[in-house]
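Colleague: Contents of coords28.pdb (PDB, C-alpha atoms) are below:
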ATOM      1  CA  LEU A   1     -27.863 -19.849 -27.510
ATOM      2  CA  GLU A   2     -26.458 -16.623 -28.994
ATOM      3  CA  HIS A   3     -28.863 -14.554 -26.886
ATOM      4  CA  LYS A   4     -27.877 -16.438 -23.723
ATOM      5  CA  LEU A   5     -24.166 -15.960 -24.478
ATOM      6  CA  GLU A   6     -24.676 -12.244 -25.121
ATOM      7  CA  ALA A   7     -26.569 -11.877 -21.828
ATOM      8  CA  THR A   8     -23.761 -13.644 -19.944
ATOM      9  CA  ILE A   9     -21.087 -11.403 -21.455
ATOM     10  CA  THR A  10     -23.167  -8.299 -20.692
ATOM     11  CA  TRP A  11     -23.644  -9.369 -17.067
ATOM     12  CA  LYS A  12     -19.935 -10.137 -16.563
ATOM     13  CA  HIS A  13     -18.758  -6.833 -17.968
ATOM     14  CA  SER A  14     -21.563  -4.480 -16.943
ATOM     15  CA  SER A  15     -19.970  -3.381 -13.644
ATOM     16  CA  GLU A  16     -16.652  -2.631 -15.346
ATOM     17  CA  VAL A  17     -18.389  -0.620 -18.053
ATOM     18  CA  GLN A  18     -20.328   1.309 -15.418
ATOM     19  CA  TYR A  19     -17.129   2.089 -13.491
ATOM     20  CA  LEU A  20     -15.375   3.321 -16.637
ATOM     21  CA  HIS A  21     -18.428   5.384 -17.537
ATOM     22  CA  CYS A  22     -18.381   7.135 -14.134
ATOM     23  CA  ILE A  23     -14.722   8.106 -13.837
ATOM     24  CA  HIS A  24     -12.516  10.823 -15.314
ATOM     25  CA  PHE A  25      -8.775  10.303 -15.341
ATOM     26  CA  LEU A  26      -6.701  13.021 -13.722
ATOM     27  CA  GLU A  27      -4.638  13.677 -16.844
ATOM     28  CA  SER A  28      -7.725  14.247 -18.987
ATOM     29  CA  LYS A  29      -8.980  17.750 -19.686
ATOM     30  CA  GLU A  30     -11.948  17.267 -17.353
ATOM     31  CA  GLY A  31      -9.664  15.738 -14.704
ATOM     32  CA  GLN A  32      -7.442  18.826 -14.717
ATOM     33  CA  VAL A  33     -10.467  21.132 -14.573
ATOM     34  CA  ARG A  34     -11.642  19.324 -11.450
ATOM     35  CA  LEU A  35      -8.200  19.469  -9.856
ATOM     36  CA  THR A  36      -8.069  23.232 -10.394
ATOM     37  CA  SER A  37     -11.588  23.543  -9.010
ATOM     38  CA  SER A  38     -10.673  21.573  -5.881
ATOM     39  CA  ARG A  39      -7.569  23.703  -5.338
ATOM     40  CA  ASN A  40      -9.580  26.896  -5.705
ATOM     41  CA  ASN A  41     -12.045  25.507  -3.177
ATOM     42  CA  GLY A  42      -9.243  24.595  -0.756
ATOM     43  CA  SER A  43     -10.276  20.933  -0.800
ATOM     44  CA  SER A  44      -7.221  19.361  -2.429
ATOM     45  CA  GLN A  45      -4.518  17.291  -0.716
ATOM     46  CA  TYR A  46      -3.119  16.059  -3.993
ATOM     47  CA  HIS A  47       0.205  17.892  -3.752
ATOM     48  CA  CYS A  48       0.922  16.590  -0.237
ATOM     49  CA  LEU A  49      -0.003  12.992  -0.997
ATOM     50  CA  SER A  50       1.434  12.678  -4.510
ATOM     51  CA  GLU A  51       4.865  13.690  -3.192
ATOM     52  CA  TYR A  52       4.910  10.443  -1.198
ATOM     53  CA  TYR A  53       3.076   8.284  -3.712
ATOM     54  CA  GLN A  54       4.230   4.692  -4.048
ATOM     55  CA  PRO A  55       2.493   1.991  -6.096
ATOM     56  CA  GLN A  56       1.599  -1.290  -4.461
ATOM     57  CA  GLU A  57       4.550  -3.671  -4.687
ATOM     58  CA  ARG A  58       2.456  -6.843  -4.703
ATOM     59  CA  GLY A  59      -1.031  -7.673  -5.838
ATOM     60  CA  SER A  60      -2.392  -7.677  -2.284
ATOM     61  CA  PHE A  61      -0.433  -4.653  -0.976
ATOM     62  CA  CYS A  62      -2.912  -1.894  -1.885
ATOM     63  CA  GLY A  63      -3.701  -1.312   1.796
ATOM     64  CA  LEU A  64      -0.033  -1.186   2.797
ATOM     65  CA  ALA A  65       0.843   1.164  -0.063
ATOM     66  CA  SER A  66      -2.024   3.491   0.883
ATOM     67  CA  ALA A  67      -0.923   3.435   4.525
ATOM     68  CA  CYS A  68       2.665   4.341   3.585
ATOM     69  CA  ILE A  69       1.554   7.294   1.464
ATOM     70  CA  VAL A  70      -0.654   8.699   4.204
ATOM     71  CA  MET A  71       1.734   8.110   7.127
ATOM     72  CA  ASN A  72       4.714   9.546   5.257
ATOM     73  CA  SER A  73       2.725  12.650   4.346
ATOM     74  CA  LEU A  74       1.593  13.068   7.960
ATOM     75  CA  ASN A  75       5.191  12.678   9.131
ATOM     76  CA  SER A  76       6.320  15.363   6.695
ATOM     77  CA  ASN A  77       3.592  17.742   7.899
ATOM     78  CA  SER A  78       4.768  17.296  11.500
ATOM     79  CA  GLY A  79       8.473  17.666  10.680
ATOM     80  CA  CYS A  80       9.267  13.973  11.219
ATOM     81  CA  ASN A  81      11.760  12.418   8.798
ATOM     82  CA  ARG A  82      10.598   8.836   9.267
ATOM     83  CA  LEU A  83       9.493   7.134   6.069
ATOM     84  CA  PHE A  84       7.569   3.875   5.960
ATOM     85  CA  ASN A  85       7.784   1.324   3.174
ATOM     86  CA  GLN A  86       5.565  -1.623   2.346
ATOM     87  CA  ASN A  87       8.139  -4.306   3.141
ATOM     88  CA  TYR A  88       8.615  -2.868   6.628
ATOM     89  CA  LEU A  89       4.887  -2.981   7.308
ATOM     90  CA  TRP A  90       4.741  -6.510   5.923
ATOM     91  CA  ASP A  91       7.733  -7.882   7.839
ATOM     92  CA  ARG A  92       7.375  -6.045  11.161
ATOM     93  CA  LEU A  93       3.611  -5.762  11.485
ATOM     94  CA  ILE A  94       1.648  -8.099   9.238
ATOM     95  CA  ILE A  95       4.002 -10.995   9.977
ATOM     96  CA  GLY A  96       5.849  -9.819  13.118
ATOM     97  CA  LYS A  97       2.748  -8.745  15.032
ATOM     98  CA  LYS A  98       0.621 -11.458  13.420
ATOM     99  CA  ILE A  99      -1.999  -9.030  12.189
ATOM    100  CA  ILE A 100      -2.744 -11.767   9.682
ATOM    101  CA  PRO A 101      -1.962 -15.027  11.521
ATOM    102  CA  ASN A 102      -1.526 -17.068   8.348
ATOM    103  CA  LYS A 103       0.487 -15.154   5.744
ATOM    104  CA  LYS A 104      -1.014 -17.307   2.998
ATOM    105  CA  ARG A 105      -4.294 -15.482   3.616
ATOM    106  CA  MET A 106      -2.599 -12.239   2.539
ATOM    107  CA  ARG A 107      -3.272 -13.288  -1.035
ATOM    108  CA  TYR A 108      -6.826 -12.135  -0.340
ATOM    109  CA  GLY A 109      -5.509  -8.765   0.819
ATOM    110  CA  ILE A 110      -5.976  -6.999   4.126
ATOM    111  CA  SER A 111      -9.285  -6.064   5.740
ATOM    112  CA  LEU A 112     -10.358  -2.640   6.950
ATOM    113  CA  HIS A 113      -9.973  -3.724  10.568
ATOM    114  CA  GLN A 114      -6.520  -5.192   9.943
ATOM    115  CA  LEU A 115      -5.326  -1.997   8.279
ATOM    116  CA  CYS A 116      -6.480  -0.100  11.368
ATOM    117  CA  GLN A 117      -4.203  -2.340  13.424
ATOM    118  CA  VAL A 118      -1.281  -1.201  11.265
ATOM    119  CA  PHE A 119      -2.058   2.413  12.196
ATOM    120  CA  ARG A 120      -2.418   1.442  15.851
ATOM    121  CA  TYR A 121       1.012  -0.201  15.968
ATOM    122  CA  CYS A 122       2.533   2.832  14.206
ATOM    123  CA  ASP A 123       0.969   5.198  16.791
ATOM    124  CA  TYR A 124      -1.479   7.038  14.545
ATOM    125  CA  ASP A 125      -5.001   8.028  15.499
ATOM    126  CA  PHE A 126      -7.786   6.741  13.312
ATOM    127  CA  ASP A 127     -11.533   6.379  12.967
ATOM    128  CA  MET A 128     -13.001   3.475  11.031
ATOM    129  CA  ILE A 129     -16.382   4.047   9.422
ATOM    130  CA  ARG A 130     -18.353   1.363   7.632
ATOM    131  CA  ASP A 131     -21.990   0.563   6.974
ATOM    132  CA  GLU A 132     -23.730  -1.731   4.522
ATOM    133  CA  ASP A 133     -26.485   0.867   4.251
ATOM    134  CA  PRO A 134     -25.181   3.513   1.798
ATOM    135  CA  VAL A 135     -27.479   6.268   3.126
ATOM    136  CA  PRO A 136     -25.878   6.750   6.581
ATOM    137  CA  LEU A 137     -22.479   5.905   5.114
ATOM    138  CA  GLU A 138     -22.766   8.721   2.580
ATOM    139  CA  ARG A 139     -23.888  11.136   5.298
ATOM    140  CA  GLU A 140     -20.814  10.386   7.422
ATOM    141  CA  PHE A 141     -18.470  10.331   4.441
ATOM    142  CA  ARG A 142     -19.560  13.783   3.310
ATOM    143  CA  LYS A 143     -19.028  15.158   6.812
ATOM    144  CA  ASP A 144     -15.509  13.705   6.915
ATOM    145  CA  LEU A 145     -14.724  15.030   3.434
ATOM    146  CA  VAL A 146     -15.501  18.565   4.584
ATOM    147  CA  LYS A 147     -13.402  18.215   7.755
ATOM    148  CA  THR A 148     -10.526  16.249   6.254
ATOM    149  CA  CYS A 149     -10.033  16.977   2.575
ATOM    150  CA  LYS A 150      -8.517  20.443   2.711
ATOM    151  CA  LEU A 151      -5.163  22.115   2.314
ATOM    152  CA  ASN A 152      -2.797  21.744   5.285
ATOM    153  CA  SER A 153      -5.110  19.239   6.958
ATOM    154  CA  THR A 154      -3.618  16.909   9.541
ATOM    155  CA  LYS A 155      -6.028  14.145   8.527
ATOM    156  CA  TYR A 156      -6.356  11.890   5.496
ATOM    157  CA  ILE A 157      -8.918   9.401   4.212
ATOM    158  CA  ILE A 158      -8.242   5.897   2.913
ATOM    159  CA  ILE A 159     -11.168   4.168   1.244
ATOM    160  CA  ASN A 160     -11.881   0.453   0.988
ATOM    161  CA  PHE A 161     -14.192  -0.217  -1.937
ATOM    162  CA  TRP A 162     -15.211  -2.944  -4.355
ATOM    163  CA  ARG A 163     -14.717  -2.650  -8.089
ATOM    164  CA  ASP A 164     -14.637  -4.622 -11.307
ATOM    165  CA  PHE A 165     -12.085  -2.836 -13.429
ATOM    166  CA  ARG A 166      -9.307  -3.816 -15.867
ATOM    167  CA  GLU A 167      -8.962  -7.466 -14.889
ATOM    168  CA  HIS A 168      -9.397  -6.744 -11.185
ATOM    169  CA  ARG A 169     -12.584  -7.820  -9.471
ATOM    170  CA  GLY A 170     -12.593  -7.398  -5.722
ATOM    171  CA  GLY A 171     -11.698  -5.080  -2.856
ATOM    172  CA  HIS A 172      -9.230  -2.229  -3.144
ATOM    173  CA  PHE A 173      -7.662   0.434  -0.900
ATOM    174  CA  CYS A 174      -6.654   3.938  -2.000
ATOM    175  CA  PRO A 175      -6.163   7.393  -0.452
ATOM    176  CA  ILE A 176      -8.531  10.242  -1.321
ATOM    177  CA  ALA A 177      -6.498  13.149  -2.697
ATOM    178  CA  ALA A 178      -9.103  15.847  -3.422
ATOM    179  CA  TYR A 179     -12.773  16.747  -3.505
ATOM    180  CA  ASP A 180     -14.376  18.838  -6.227
ATOM    181  CA  PRO A 181     -17.709  20.304  -5.047
ATOM    182  CA  ILE A 182     -18.777  21.370  -8.548
ATOM    183  CA  SER A 183     -18.789  17.829  -9.941
ATOM    184  CA  ASP A 184     -19.339  16.320  -6.470
ATOM    185  CA  ALA A 185     -16.470  13.903  -7.107
ATOM    186  CA  VAL A 186     -13.376  12.753  -5.225
ATOM    187  CA  LEU A 187      -9.930  12.085  -6.625
ATOM    188  CA  ILE A 188      -8.717   8.536  -5.990
ATOM    189  CA  LEU A 189      -4.925   8.341  -5.798
ATOM    190  CA  ASP A 190      -4.868   4.804  -7.151
ATOM    191  CA  VAL A 191      -1.965   2.679  -5.908
ATOM    192  CA  ALA A 192      -2.538   0.059  -8.649
ATOM    193  CA  LYS A 193      -0.243   1.936 -11.028
ATOM    194  CA  HIS A 194       0.113  -1.162 -13.206
ATOM    195  CA  ARG A 195      -3.605  -1.034 -13.864
ATOM    196  CA  THR A 196      -4.716   2.589 -13.890
ATOM    197  CA  GLU A 197      -3.918   6.191 -12.985
ATOM    198  CA  PRO A 198      -5.487   8.635 -10.483
ATOM    199  CA  HIS A 199      -9.104   9.335 -11.383
ATOM    200  CA  TRP A 200     -12.214  11.167 -10.261
ATOM    201  CA  ILE A 201     -15.374   9.318  -9.241
ATOM    202  CA  PRO A 202     -18.729  10.723  -8.054
ATOM    203  CA  VAL A 203     -19.246  10.549  -4.288
ATOM    204  CA  SER A 204     -22.613   8.833  -4.691
ATOM    205  CA  VAL A 205     -21.070   6.037  -6.775
ATOM    206  CA  LEU A 206     -18.095   5.583  -4.462
ATOM    207  CA  VAL A 207     -20.349   5.267  -1.420
ATOM    208  CA  LEU A 208     -22.213   2.388  -3.061
ATOM    209  CA  LEU A 209     -18.896   0.635  -3.711
ATOM    210  CA  MET A 210     -17.733   1.250  -0.128
ATOM    211  CA  SER A 211     -20.939  -0.251   1.267
ATOM    212  CA  ARG A 212     -20.302  -3.587  -0.447
ATOM    213  CA  MET A 213     -19.529  -6.559   1.787
ATOM    214  CA  ASP A 214     -16.006  -7.842   2.295
ATOM    215  CA  ARG A 215     -16.751 -11.564   2.028
ATOM    216  CA  THR A 216     -13.432 -12.577   3.584
ATOM    217  CA  ALA A 217     -13.978 -10.430   6.692
ATOM    218  CA  ASN A 218     -17.770 -10.871   6.570
ATOM    219  CA  ARG A 219     -18.158  -7.147   7.260
ATOM    220  CA  PRO A 220     -18.971  -4.114   5.089
ATOM    221  CA  ARG A 221     -16.198  -2.111   3.512
ATOM    222  CA  GLY A 222     -15.877   1.600   4.265
ATOM    223  CA  TYR A 223     -13.101   4.066   4.991
ATOM    224  CA  ILE A 224     -10.587   5.215   7.603
ATOM    225  CA  VAL A 225      -9.774   8.754   8.724
ATOM    226  CA  ILE A 226      -6.122   8.871   9.831
ATOM    227  CA  SER A 227      -4.353  11.601  11.812
TER
END
What would the structure in this file look like if it were written as structure tokens?
Modeller:
Amino acid sequence: LEHKLEATITWKHSSEVQYLHCIHFLESKEGQVRLTSSRNNGSSQYHCLSEYYQPQERGSFCGLASACIVMNSLNSNSGCNRLFNQNYLWDRLIIGKKIIPNKKRMRYGISLHQLCQVFRYCDYDFDMIRDEDPVPLEREFRKDLVKTCKLNSTKYIIINFWRDFREHRGGHFCPIAAYDPISDAVLILDVAKHRTEPHWIPVSVLVLLMSRMDRTANRPRGYIVIS
């Protein structure tokens, strides 16, 4: 019985342990080394995005918070003073435009496709990329990192990935703030401020998490390039 109980505990917590083992928090010594490396490489958007950072206001608002950060940064780059907030997107778009017909379903969060509709209604261009096969997904993601994740870029990436981490087990949205080619890791500007801080994760690991299925939407997760 003890062996069975130990095996159950190990299985339940293995994915969280693996996630913690893979990441480096931004404020750590290694995290700062990677940030400097990404800046020297010209592949950091951290300064632009962090200026408009806002944590998710509700448990299911990670997608809306990520959208606000990205759209407000894009507006600033283009000289537009308009600032979006999560309640506006919720009231005017999610409910007003019936992006999610039944607001009770919002407790499961928003899907990749539904977040794209938010960008469509707000007049932003976007490309949605998803694939349950991590090999082609990683190939496309690396191409978009090179084209998008750089200083003064007019494009940003929001990822939709699955994780088991600090009492959260499920899908999550966050902007990508930098890429460090030396460690081959990206900086996740995590909107779940109540749970964690920005952190670096290897590209190869992130791609596996982005290729996981969204069981509510019955489609793979992935990412969006917004401009």
Colleague: Applying 12 Å and only C-alpha atoms, which residues near Pro136 in chain A remain after dropping the ones on its own chain fewer than 5 positions away? List them as JSON, numbers by chain.
Modeller: {"A": [129, 130, 131, 141, 142, 143, 204, 207, 208, 210, 211, 222]}
Colleague: For a quick check of understanding, using all atoms listed in the file, which of A:His24, A:His172, A:Lys150, A:Lys97 has the smallest distance to Arg39 in chain A?
Modeller: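 Going through A:His24, A:His172, A:Lys150, A:Lys97 one by one, the smallest distance to Arg39 in chain A is for A:Lys150.
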Colleague: So what do you get for CA of Pro134 in chain A versus CA of Gly63 in chain A, distance-wise?
Modeller: 22.0 Å
Colleague: Closest to Asn77 in chain A among A:Arg169, A:His113, A:Arg34, A:Lys155, using all atoms listed in the file?
Modeller: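 Nearest to Asn77 in chain A: A:Lys155.
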Colleague: Residue by residue, what does the PyMOL selection byres ((chain A and resi 203) around 8) grab here? Present the result as a PyMOL selection string.
Modeller: chain A and resi 138+184-186+201-202+204-207
Colleague: Any chance you can output those residues with C-alpha atoms as a compact mmCIF listing (two decimals), in the frame of the given file?
Modeller:
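Final file, selection_15.txt:
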# COMPACT_ATOMS: atom_id res chain seq x y z
CA GLU A 138 -22.77 8.72 2.58
CA ASP A 184 -19.34 16.32 -6.47
CA ALA A 185 -16.47 13.90 -7.11
CA VAL A 186 -13.38 12.75 -5.22
CA ILE A 201 -15.37 9.32 -9.24
CA PRO A 202 -18.73 10.72 -8.05
CA SER A 204 -22.61 8.83 -4.69
CA VAL A 205 -21.07 6.04 -6.78
CA LEU A 206 -18.10 5.58 -4.46
CA VAL A 207 -20.35 5.27 -1.42
Colleague: If you count all atoms listed in the file, which residues fall within 9 Å of range 50-57 of chain A, apart from same-chain ones fewer than 2 positions away, as a PyMOL selection string?
Modeller: chain A and resi 45-48+59-66+68-70+72-73+85-87+177+189-194
Colleague: Quick one: write out the picked residues with C-alpha atoms as a compact mmCIF listing (two decimals), in the frame of the given file?
Modeller:
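Generated output (selection.txt):
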# COMPACT_ATOMS: atom_id res chain seq x y z
CA GLN A 45 -4.52 17.29 -0.72
CA TYR A 46 -3.12 16.06 -3.99
CA HIS A 47 0.20 17.89 -3.75
CA CYS A 48 0.92 16.59 -0.24
CA GLY A 59 -1.03 -7.67 -5.84
CA SER A 60 -2.39 -7.68 -2.28
CA PHE A 61 -0.43 -4.65 -0.98
CA CYS A 62 -2.91 -1.89 -1.88
CA GLY A 63 -3.70 -1.31 1.80
CA LEU A 64 -0.03 -1.19 2.80
CA ALA A 65 0.84 1.16 -0.06
CA SER A 66 -2.02 3.49 0.88
CA CYS A 68 2.66 4.34 3.58
CA ILE A 69 1.55 7.29 1.46
CA VAL A 70 -0.65 8.70 4.20
CA ASN A 72 4.71 9.55 5.26
CA SER A 73 2.72 12.65 4.35
CA ASN A 85 7.78 1.32 3.17
CA GLN A 86 5.56 -1.62 2.35
CA ASN A 87 8.14 -4.31 3.14
CA ALA A 177 -6.50 13.15 -2.70
CA LEU A 189 -4.92 8.34 -5.80
CA ASP A 190 -4.87 4.80 -7.15
CA VAL A 191 -1.96 2.68 -5.91
CA ALA A 192 -2.54 0.06 -8.65
CA LYS A 193 -0.24 1.94 -11.03
CA HIS A 194 0.11 -1.16 -13.21
Colleague: My list of candidates is A:Tyr179, A:Trp200, A:Phe161, A:Phe84. Which is closest to Asp214 in chain A when distances are computed with only C-alpha atoms?
Modeller: A:Phe161
Colleague: Taking only C-alpha atoms into account, which of A:Val135, A:Met128, A:Ile99, A:Cys22 comes nearest Gln114 in chain A?
Modeller: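 Among the listed residues, A:Ile99 lies closest to Gln114 in chain A.
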Colleague: Write out as a compact mmCIF listing (two decimals) with C-alpha atoms, in the frame of the given file which residues come within 8 Å of Ile176 in chain A when counting all atoms listed in the file, dropping same-chain ones fewer than 6 positions away.
Modeller:
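The file below, around.txt, is the result:
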# COMPACT_ATOMS: atom_id res chain seq x y z
CA CYS A 149 -10.03 16.98 2.58
CA TYR A 156 -6.36 11.89 5.50
CA ILE A 157 -8.92 9.40 4.21
CA ILE A 158 -8.24 5.90 2.91
CA ILE A 159 -11.17 4.17 1.24
CA VAL A 186 -13.38 12.75 -5.22
CA LEU A 187 -9.93 12.08 -6.62
CA ILE A 188 -8.72 8.54 -5.99
CA LEU A 189 -4.92 8.34 -5.80
Colleague: Please measure the separation of CA of Arg120 in chain A and CA of Arg92 in chain A, giving the value in Å to one decimal.
Modeller: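 CA of Arg120 in chain A sits 13.2 Å away from CA of Arg92 in chain A.
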